[in-house]
Every structure is written in structure tokens, then in C-alpha cells.
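**Q** Sharing work22.cif below, mmCIF, C-alpha atoms:
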```cif
data_target
#
loop_
_atom_site.label_atom_id
_atom_site.label_comp_id
_atom_site.auth_asym_id
_atom_site.auth_seq_id
_atom_site.Cartn_x
_atom_site.Cartn_y
_atom_site.Cartn_z
CA MET A 1 6.77 -10.39 -15.22
CA LYS A 2 3.39 -8.92 -16.18
CA MET A 3 1.52 -10.56 -13.30
CA LYS A 4 4.25 -9.81 -10.79
CA LEU A 5 4.28 -6.14 -11.82
CA PHE A 6 0.50 -6.07 -11.53
CA LEU A 7 0.63 -7.62 -8.06
CA LEU A 8 3.48 -5.30 -7.06
CA ILE A 9 1.45 -2.20 -7.73
CA LEU A 10 -1.84 -3.55 -6.39
CA CYS A 11 -0.19 -5.26 -3.37
CA LEU A 12 -2.69 -8.10 -3.48
CA SER A 13 -0.88 -10.71 -1.39
CA PHE A 14 -1.86 -9.85 2.07
CA VAL A 15 2.43 -11.35 7.43
CA GLY A 16 1.26 -12.49 10.62
CA CYS A 17 0.76 -10.35 13.70
CA LYS A 18 3.01 -10.62 16.75
CA SER A 19 1.37 -10.97 20.10
CA SER A 20 1.85 -8.02 22.45
CA LYS A 21 1.27 -7.15 26.07
CA GLN A 22 -2.14 -5.63 26.63
CA LEU A 23 -2.50 -2.56 28.81
CA SER A 24 -3.77 -3.55 32.22
CA GLU A 25 -6.64 -1.09 32.79
CA SER A 26 -9.25 -0.91 30.02
CA SER A 27 -10.29 2.68 30.88
CA ALA A 28 -6.65 3.80 30.86
CA LYS A 29 -6.16 1.94 27.61
CA GLU A 30 -9.02 3.77 25.89
CA LYS A 31 -7.84 7.12 27.17
CA SER A 32 -4.29 6.41 26.01
CA ALA A 33 -5.55 5.15 22.67
CA ARG A 34 -7.45 8.37 22.04
CA VAL A 35 -4.26 10.35 22.62
CA VAL A 36 -2.25 8.00 20.39
CA LEU A 37 -4.79 8.23 17.56
CA LYS A 38 -5.01 12.00 17.86
CA ASN A 39 -1.24 12.35 17.54
CA PHE A 40 -1.16 9.79 14.75
CA GLU A 41 -3.78 11.73 12.79
CA LYS A 42 -1.77 14.96 13.22
CA ASN A 43 1.13 13.24 11.45
CA GLN A 44 -0.93 12.35 8.38
CA SER A 45 -0.05 14.29 5.26
CA ASP A 46 -2.90 16.55 4.17
CA PHE A 47 -2.52 17.04 0.43
CA LYS A 48 -4.60 17.36 -2.70
CA THR A 49 -2.12 15.73 -5.09
CA VAL A 50 1.36 14.24 -4.96
CA ASN A 51 3.58 13.15 -7.82
CA GLY A 52 7.16 12.22 -8.56
CA ARG A 53 9.36 9.19 -9.10
CA MET A 54 9.82 5.99 -7.12
CA ARG A 55 12.08 2.97 -7.39
CA ALA A 56 10.51 -0.44 -6.91
CA SER A 57 12.35 -3.74 -6.60
CA TYR A 58 10.84 -7.21 -6.69
CA LYS A 59 12.56 -10.30 -5.30
CA SER A 60 11.43 -13.91 -5.06
CA GLU A 61 13.34 -17.16 -4.65
CA ASP A 62 14.01 -17.43 -8.38
CA GLN A 63 13.71 -13.91 -9.76
CA SER A 64 14.57 -10.28 -9.05
CA GLN A 65 13.72 -7.10 -10.93
CA SER A 66 14.07 -3.38 -10.39
CA ILE A 67 11.96 -0.77 -12.15
CA SER A 68 11.53 3.00 -12.19
CA ILE A 69 8.00 4.32 -11.71
CA THR A 70 6.56 7.74 -12.36
CA TYR A 71 3.54 8.14 -10.09
CA ARG A 72 0.67 10.59 -9.65
CA ILE A 73 -1.91 10.49 -6.86
CA GLU A 74 -4.97 12.65 -6.48
CA LYS A 75 -6.07 11.95 -2.94
CA ASP A 76 -9.22 9.81 -2.71
CA LYS A 77 -9.69 9.98 -6.49
CA ALA A 78 -6.92 8.46 -8.60
CA ILE A 79 -3.61 6.58 -8.58
CA TRP A 80 -1.61 6.58 -11.84
CA MET A 81 1.72 4.88 -12.46
CA SER A 82 4.01 4.46 -15.45
CA ALA A 83 6.77 1.86 -15.09
CA LYS A 84 10.03 1.76 -17.02
CA LEU A 85 12.85 -0.77 -17.09
CA MET A 86 16.25 0.80 -16.40
CA GLY A 87 14.44 4.14 -16.39
CA VAL A 88 14.14 4.10 -20.18
CA LEU A 89 12.21 1.15 -21.62
CA PRO A 90 8.42 1.59 -21.14
CA LEU A 91 6.97 -1.42 -19.36
CA ALA A 92 3.45 -0.77 -18.14
CA LYS A 93 0.86 1.73 -17.01
CA ILE A 94 -1.80 1.46 -14.34
CA TYR A 95 -4.72 3.71 -13.54
CA ILE A 96 -6.82 3.11 -10.43
CA THR A 97 -9.93 4.96 -9.31
CA PRO A 98 -12.32 4.10 -6.48
CA ASP A 99 -14.42 1.89 -8.76
CA ARG A 100 -12.03 0.74 -11.49
CA VAL A 101 -8.61 -0.85 -12.02
CA GLN A 102 -6.97 -0.54 -15.45
CA TYR A 103 -3.56 -1.85 -16.43
CA TYR A 104 -1.56 -2.73 -19.52
CA GLU A 105 1.94 -4.00 -20.15
CA LYS A 106 3.99 -3.70 -23.31
CA LEU A 107 6.22 -6.78 -23.24
CA GLU A 108 3.44 -9.20 -24.17
CA GLY A 109 0.77 -6.72 -25.16
CA THR A 110 -1.81 -7.56 -22.50
CA TYR A 111 -4.22 -5.52 -20.38
CA PHE A 112 -6.64 -5.74 -17.46
CA ASP A 113 -9.77 -3.64 -17.08
CA GLY A 114 -11.92 -4.42 -14.05
CA ASP A 115 -12.44 -3.69 -10.38
CA PHE A 116 -11.14 -4.80 -6.99
CA SER A 117 -12.90 -8.17 -7.13
CA LEU A 118 -9.59 -10.00 -7.64
CA ALA A 119 -8.32 -8.71 -4.31
CA GLU A 120 -11.69 -9.38 -2.68
CA ASN A 121 -11.69 -12.99 -3.89
CA PHE A 122 -8.14 -13.44 -2.66
CA LEU A 123 -8.73 -12.03 0.82
CA GLY A 124 -12.33 -13.02 1.32
CA ILE A 125 -13.30 -9.46 2.26
CA LYS A 126 -13.98 -6.23 0.43
CA VAL A 127 -10.94 -4.09 -0.24
CA ASN A 128 -11.02 -0.75 -1.94
CA PHE A 129 -9.14 2.21 -3.33
CA GLN A 130 -8.75 3.74 0.12
CA ASN A 131 -6.93 0.67 1.45
CA LEU A 132 -4.37 0.80 -1.36
CA GLN A 133 -3.94 4.56 -1.18
CA ASN A 134 -3.34 4.45 2.58
CA LEU A 135 -0.68 1.76 2.14
CA LEU A 136 1.20 3.96 -0.33
CA ILE A 137 1.03 7.20 1.70
CA GLY A 138 1.83 5.71 5.12
CA ASN A 139 -1.62 5.69 6.68
CA ALA A 140 -3.50 2.81 8.28
CA MET A 141 -5.21 0.68 5.66
CA PHE A 142 -8.22 0.17 7.93
CA GLU A 143 -9.76 2.39 10.58
CA LEU A 144 -8.03 1.82 13.91
CA ASP A 145 -10.13 0.77 16.89
CA LYS A 146 -9.15 2.57 20.10
CA LYS A 147 -10.57 -0.33 22.13
CA ALA A 148 -8.13 -2.76 20.53
CA MET A 149 -4.82 -1.13 21.40
CA LEU A 150 -1.90 -3.12 22.78
CA PHE A 151 1.48 -1.92 23.96
CA ASP A 152 4.73 -3.60 22.90
CA GLU A 153 8.01 -1.99 24.00
CA ASN A 154 8.14 1.34 22.11
CA ASP A 155 5.16 0.70 19.87
CA TYR A 156 1.40 1.03 20.11
CA VAL A 157 -0.26 -1.88 18.32
CA PHE A 158 -3.85 -1.85 17.10
CA THR A 159 -5.23 -5.27 16.24
CA GLN A 160 -8.56 -6.41 14.90
CA MET A 161 -10.36 -8.97 12.79
CA ILE A 162 -11.87 -7.77 9.51
CA GLU A 163 -15.15 -9.59 8.73
CA ASN A 164 -13.89 -12.51 10.85
CA THR A 165 -11.56 -13.66 8.06
CA LEU A 166 -8.59 -11.30 8.10
CA ALA A 167 -6.27 -10.51 11.01
CA TYR A 168 -5.04 -6.92 10.76
CA ALA A 169 -2.47 -5.10 12.88
CA ALA A 170 -1.01 -1.60 12.69
CA LYS A 171 2.03 -0.62 14.74
CA ILE A 172 2.53 3.06 15.69
CA ASN A 173 5.92 4.31 16.85
CA ALA A 174 5.55 5.68 20.39
CA ASP A 175 8.34 8.22 19.87
CA ASN A 176 7.03 10.03 16.80
CA PHE A 177 3.47 8.64 16.31
CA LYS A 178 4.20 7.59 12.73
CA ILE A 179 3.18 4.22 11.38
CA LYS A 180 5.92 1.64 11.77
CA SER A 181 4.29 -1.36 10.17
CA GLN A 182 0.98 -2.96 9.31
CA SER A 183 0.20 -6.57 8.53
CA LEU A 184 -2.53 -8.78 7.16
CA LEU A 185 -3.11 -12.52 7.52
CA ASN A 186 -6.06 -14.36 5.99
CA THR A 187 -7.57 -17.76 6.76
CA LYS A 188 -5.47 -19.38 4.01
CA GLN A 189 -2.31 -18.26 5.83
CA GLU A 190 -1.57 -15.89 2.95
CA SER A 191 -0.03 -12.77 4.39
CA LEU A 192 1.60 -9.42 3.87
CA GLU A 193 3.81 -7.38 6.19
CA ILE A 194 4.34 -3.72 5.31
CA ASN A 195 7.20 -1.90 7.05
CA TYR A 196 7.91 1.84 7.01
CA PRO A 197 11.56 2.16 8.13
CA ARG A 198 11.99 5.80 7.13
CA PHE A 199 9.85 8.89 6.67
CA GLN A 200 10.70 12.24 5.13
CA GLU A 201 9.29 15.73 5.51
CA VAL A 202 8.76 17.74 2.33
CA ASN A 203 7.19 21.18 2.54
CA GLY A 204 5.54 20.30 5.83
CA HIS A 205 4.24 16.93 4.61
CA ASN A 206 5.19 13.71 6.43
CA PHE A 207 5.52 10.98 3.84
CA PRO A 208 7.19 7.55 3.66
CA SER A 209 10.68 7.47 2.23
CA VAL A 210 10.87 3.67 2.01
CA ILE A 211 8.17 0.99 2.11
CA GLU A 212 9.11 -2.68 2.51
CA LEU A 213 6.56 -5.38 1.70
CA LYS A 214 7.01 -9.06 2.53
CA ALA A 215 4.35 -11.33 1.08
CA LYS A 216 3.72 -15.01 1.62
CA LYS A 217 1.42 -17.12 -0.53
CA LEU A 218 1.56 -20.89 -0.10
CA ASP A 219 5.28 -21.75 -0.38
CA GLU A 220 6.18 -18.57 -2.24
CA HIS A 221 7.88 -15.67 -0.49
CA ILE A 222 8.08 -12.29 -2.21
CA GLN A 223 9.73 -9.05 -1.15
CA ILE A 224 8.89 -5.70 -2.71
CA ASP A 225 10.76 -2.55 -1.74
CA ILE A 226 9.55 0.91 -2.75
CA GLU A 227 11.69 4.04 -2.42
CA TYR A 228 10.19 7.45 -3.10
CA LYS A 229 12.88 9.37 -4.96
CA THR A 230 10.99 12.66 -5.43
CA LEU A 231 7.80 14.19 -4.04
CA THR A 232 5.92 17.23 -5.33
CA PHE A 233 2.67 18.27 -3.67
CA ASP A 234 -0.52 20.00 -4.79
CA GLU A 235 0.19 20.50 -8.47
CA ASP A 236 -2.61 20.24 -11.02
CA LEU A 237 -2.24 16.78 -12.54
CA THR A 238 -3.53 14.89 -15.54
CA PHE A 239 -3.86 11.09 -15.73
CA PRO A 240 -3.36 10.05 -19.36
CA PHE A 241 -4.35 6.45 -19.92
CA SER A 242 -5.50 4.59 -22.99
CA ILE A 243 -5.25 0.84 -23.61
CA PRO A 244 -3.51 0.30 -26.96
CA ASN A 245 -5.41 -1.40 -29.76
CA ASN A 246 -4.90 -5.13 -30.34
CA TYR A 247 -3.77 -5.81 -26.76
CA ILE A 248 -5.04 -9.08 -25.26
CA GLU A 249 -7.21 -8.96 -22.13
CA ILE A 250 -5.90 -10.73 -19.02
CA LYS A 251 -8.47 -13.05 -17.48
CA LEU A 252 -7.80 -13.11 -13.74
#
```
Let me see whether you can do it: turn the structure in this file into C-alpha cells.
**A**
Amino acid sequence: MKMKLFLLILCLSFVGCKSSKQLSESSAKEKSARVVLKNFEKNQSDFKTVNGRMRASYKSEDQSQSISITYRIEKDKAIWMSAKLMGVLPLAKIYITPDRVQYYEKLEGTYFDGDFSLAENFLGIKVNFQNLQNLLIGNAMFELDKKAMLFDENDYVFTQMIENTLAYAAKINADNFKIKSQSLLNTKQESLEINYPRFQEVNGHNFPSVIELKAKKLDEHIQIDIEYKTLTFDEDLTFPFSIPNNYIEIKL
């Protein structure tokens, strides 16, 4: 449970990218891509902080679990989460900043205090705080390249290779210019597909309502669903975090 919760929050198992029809004229493609990206950027939520509650469920072939999470995000600076079982029993806390990842869980009294090197070793490329934050707030995890836009039915698809080892795709809905999905596939055929089936507008902010993650690692398939239950923007937040004494460090 402790490792699965840790992977749930960090989203470290990065699903393949569908092929799409490429626009015929490259100059028209670039012009269209600029318009698409401009409209996509207009839909991004501009906030200082956001906090509230979310529901996260984990499902594999042999296990399922649902937890309640209180979350706090200070944009570009900090992600803090406190997880509870059945909304009552404290399970774990995690505190992530651009240069540090800290986590502890109460069931077995263990903790992790390090950086993003675990994810980097897994993917074979550098990943960072910004990638994770963008996944959670419904933005593209990586900068989209206007020269790499494809068109598939009602979606604009941006595809690229990251450091020649990771295939990345982001799908933008042509009707509302909100992100529809993004996916990652590494050279080990380990993959993650992230779907955004619903968005909500709160006080002028566009924000995901539901995020669905489907991960594949070797023969293991995992599904993680996140539902934002409440959203409050631009409050002054604190991020209380202290690893309890006598907890055992996780060696990852």
C-alpha cells in the first residue's frame, strides 16, 4: 500500500500514442498550431494557490483502494497532500517542491526524503516539479511544439520525442481547446495515459473535475482515478510537514 500510494501521488509509471492524420500543408499546419496553442493557453487557470479535497481510487488486477486526500498547491512552488482512509484514518503525507520530494506513511512507519531521481531513473529522462504540477492542473506536462501538430477527428494532437527515449503526446479538444489526454511511452514499453473527461469552472478558473490515469509496467496494469471534490483559489496557505521520529527510511 505504501509504495502504491507513493506512486499514485507522484504518477511515476509513464500509454502509447495513437497515430493520427497529419495536416497536409506544413505552413498551414504551423499557422493553425499557433492559433490552437493560443486558445489552449487562454484556457489555462491562472492562480496563485488552490486547495480543497479530492478522491483518489487505485485499482490493479489484485487490489483496489479508495482514499480521501486534502491537497494544497502553491503554483510553481509546492504541492502538499494529506491522505486518509475512509476520510478519517490518517494514512500519509507528501510534500513536493521543485527540488525535493518528502513522504511518510503511518501504517508501517516509513518515509522517503529525496528528489526526482527515482522518476528520472524510471523514464530515462529528467522530470521535474513542473511536469507533475501540470498533470494535476490539466496543463501539458511538456512544452508543446507547434511544428509537431497532427489532426485526428475533433482533436489536435501534439507529438514529440523527449531526449530520444520518451514518446509524448498531448491531445487538445478542438471544440473547447481544453486538454483531452496526454500520454507517455518509454523505451521499456512502460507507459501512462492520462485522460481528462470533465472540466469545471470555479470563479473563472478552468480546472479538471476528473483525471483518469492508466499505467502499464511490464505485465502490471494499474488504473488511478482522481476526482476533485472542492476547489478554493488564492487563499494564503501553509504546508505543515514533519517526518515523525523513529520512522524507517524507504530505500528506492
**Q** What is the atom CA of Met81 of chain A to atom CA of Ala169 of chain A distance in Å?
**A**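 Separation of atom CA of Met81 of chain A and atom CA of Ala169 of chain A: 27.6 Å.
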**Q** Quote the spacing between atom CA of Glu249 of chain A and atom CA of Leu85 of chain A in Å to one decimal place.
**A**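 Spanning atom CA of Glu249 of chain A to atom CA of Leu85 of chain A is a straight-line distance of 22.2 Å.
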**Q** Kindly resolve the PyMOL selection byres ((chain A and resi 174) around 9) on the present coordinates and return the residues as a list in words.
**A**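 Residues picked by the PyMOL selection byres ((chain A and resi 174) around 9): Val36, Glu153, Asn154, Asp155, Tyr156, Ile172, Asn173, Asp175, Asn176, Phe177 and Lys178 of chain A.
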**Q** On this structure, the PyMOL selection byres ((chain A and resi 203-213) around 8) would catch which residues? List them as a PyMOL selection string, sorted by chain and number.
**A** chain A and resi 43-47+136-138+192-202+214-215+223-229
**Q** With the file shown as input, list the residues that the PyMOL selection byres ((chain A and resi 217) around 8) selects, as a list of chain:residue names.
**A**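 So the PyMOL selection byres ((chain A and resi 217) around 8), applied here, picks out A:Ser13, A:Gln189, A:Glu190, A:Ser191, A:Ala215, A:Lys216, A:Leu218, A:Asp219, A:Glu220, A:His221.
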**Q** Which residue is closest to Tyr71 of chain A? Choose from A:Ser181, A:Asn186, A:Asn51, A:Ser57 and count all atoms listed in the file.
**A** A:Asn51
**Q** Considering all atoms listed in the file, state which residue in the set A:Lys106, A:Arg100, A:Lys59, A:Lys42 is at the smallest distance from Pro244 of chain A.
**A**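 Checking each of A:Lys106, A:Arg100, A:Lys59, A:Lys42 against Pro244 of chain A, counting all atoms listed in the file, the winner is A:Lys106.
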**Q** Suppose you want the space between atom CA of Ala56 of chain A and atom CA of Ala83 of chain A; what is it in Å?
**A**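 It comes out at 9.3 Å.
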**Q** With distances taken over all atoms listed in the file, which of A:Thr70, A:Asn139, A:Thr97, A:Thr165 is nearest to Gln182 of chain A?
**A**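 Of A:Thr70, A:Asn139, A:Thr97, A:Thr165, the one nearest Gln182 of chain A is A:Asn139, counting all atoms listed in the file.
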**Q** Which residues are close to segment 124-133 of chain A, i.e. within 9 Å by only C-alpha atoms, leaving aside same-chain residues fewer than 2 positions away? Reply as an MDAnalysis selection string.
**A** chainID A and resid 10:11 73 75:79 96:100 116:117 119:122 135:142 162:163 165:166 186:187
**Q** For a quick check of understanding, using only C-alpha atoms, which of A:Lys38, A:Lys84, A:Lys93, A:Arg53 has the smallest distance to Gln65 of chain A?
**A**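 Result for the nearest residue to Gln65 of chain A: A:Lys84.
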